[in-house]
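Beneath this line is the structure, given in structure tokens, with notes to follow.
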Amino acid sequence: MMDTGVAKRYALALFQIAKENGQIDQLDEEVRVVKSLVTSSPEIHTFLQSPNISLEKKKEMVKVAFASASEYVQNLLMLLIDRHREEMITSICEQFIAFVNEAKGIADAKVYSIKPLTMDEKRAISATFAAKVGKISLNIENIIDSNLLGGIKVRIGNQIYDGSLQGKLDRLQRQLLG
């Protein structure tokens, strides 16, 4: 089991550096790219995890792969390689993104719908549900779920708002049987 406390400390250190240097938005974007590359590319993940590859080769690959990243992000990645904590990169990225979102008053939300949401629908959902959870806005990830039959289901953190037709039918069934 990975130690989330350690990941949180690395992420907090990077967040404090970003805040001190006024580069929160820039580092947020870079960290999201790092997370995306590491999670979506099995080759990079396997390469970084491999104990058969020397630290120098790993560092060279990271320098090439993330050449456009700021020195702070690159230094963090080098430090993680030096300390054999490559497996924590994704967790640290997630923690950093959480710190940035908290500072900006943003929450991540997964919205399940039968069809892709339009930008206007996303804005309306963001405005409605952000107020319910005490945030300014939501980063919405739209997930298409054909089991819903209609409506939407919104997940923000550990809260689920079920306005789907399938959810309403399930509740009605429980009422009638209960």
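In the structure tokens, each chain is lettered A, B, ... as it comes, each chain's residues begin at 1, and ligands are numbered from 1 in order of appearance.
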
Q.
Neighbouring residues of stretch 38-54 of chain A were defined as those with any atom within 9 Å, considering only C-alpha atoms; residues of the same chain fewer than 2 positions away were excluded. Please report them as a list of chain:residue names.
A. A:Val33, A:Val34, A:Lys35, A:Ser36, A:Glu56, A:Lys57, A:Lys58, A:Lys59, A:Ile81, A:His84, A:Arg85, A:Glu86, A:Glu87, A:Ile89, A:Thr90

Give me the residues within 9 Å of A:Leu148 as a PyMOL selection string, counting only C-alpha atoms and dropping any in the same chain fewer than 5 places off. chain A and resi 112-114+153+164-167

Prev. selection, C-alpha atoms, output as a PDB file, in the first residue's frame:
```
ATOM      1  CA  TYR A 112     -22.635  10.261 -15.765  1.00  0.00           C
ATOM      2  CA  SER A 113     -25.068  10.810 -18.607  1.00  0.00           C
ATOM      3  CA  ILE A 114     -26.625   8.895 -21.471  1.00  0.00           C
ATOM      4  CA  LYS A 153     -25.719  11.186 -11.923  1.00  0.00           C
ATOM      5  CA  SER A 164     -31.037   9.509 -13.353  1.00  0.00           C
ATOM      6  CA  LEU A 165     -34.165   7.759 -14.524  1.00  0.00           C
ATOM      7  CA  GLN A 166     -32.656   4.425 -13.440  1.00  0.00           C
ATOM      8  CA  GLY A 167     -32.027   5.853  -9.950  1.00  0.00           C
TER       9      GLY A 167
END
```

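Between atom CA of A:Ile92 and atom CA of A:Ala7 lies a distance of 4.7 Å.
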
For this session: Enumerate, as a ChimeraX atom specification, the complete set of residues in stretch 59-174 of chain A that a backbone-based DSSP assignment places in alpha helix (DSSP H).
Result: /A:59-65,71-82,89-104,119-132,165-174
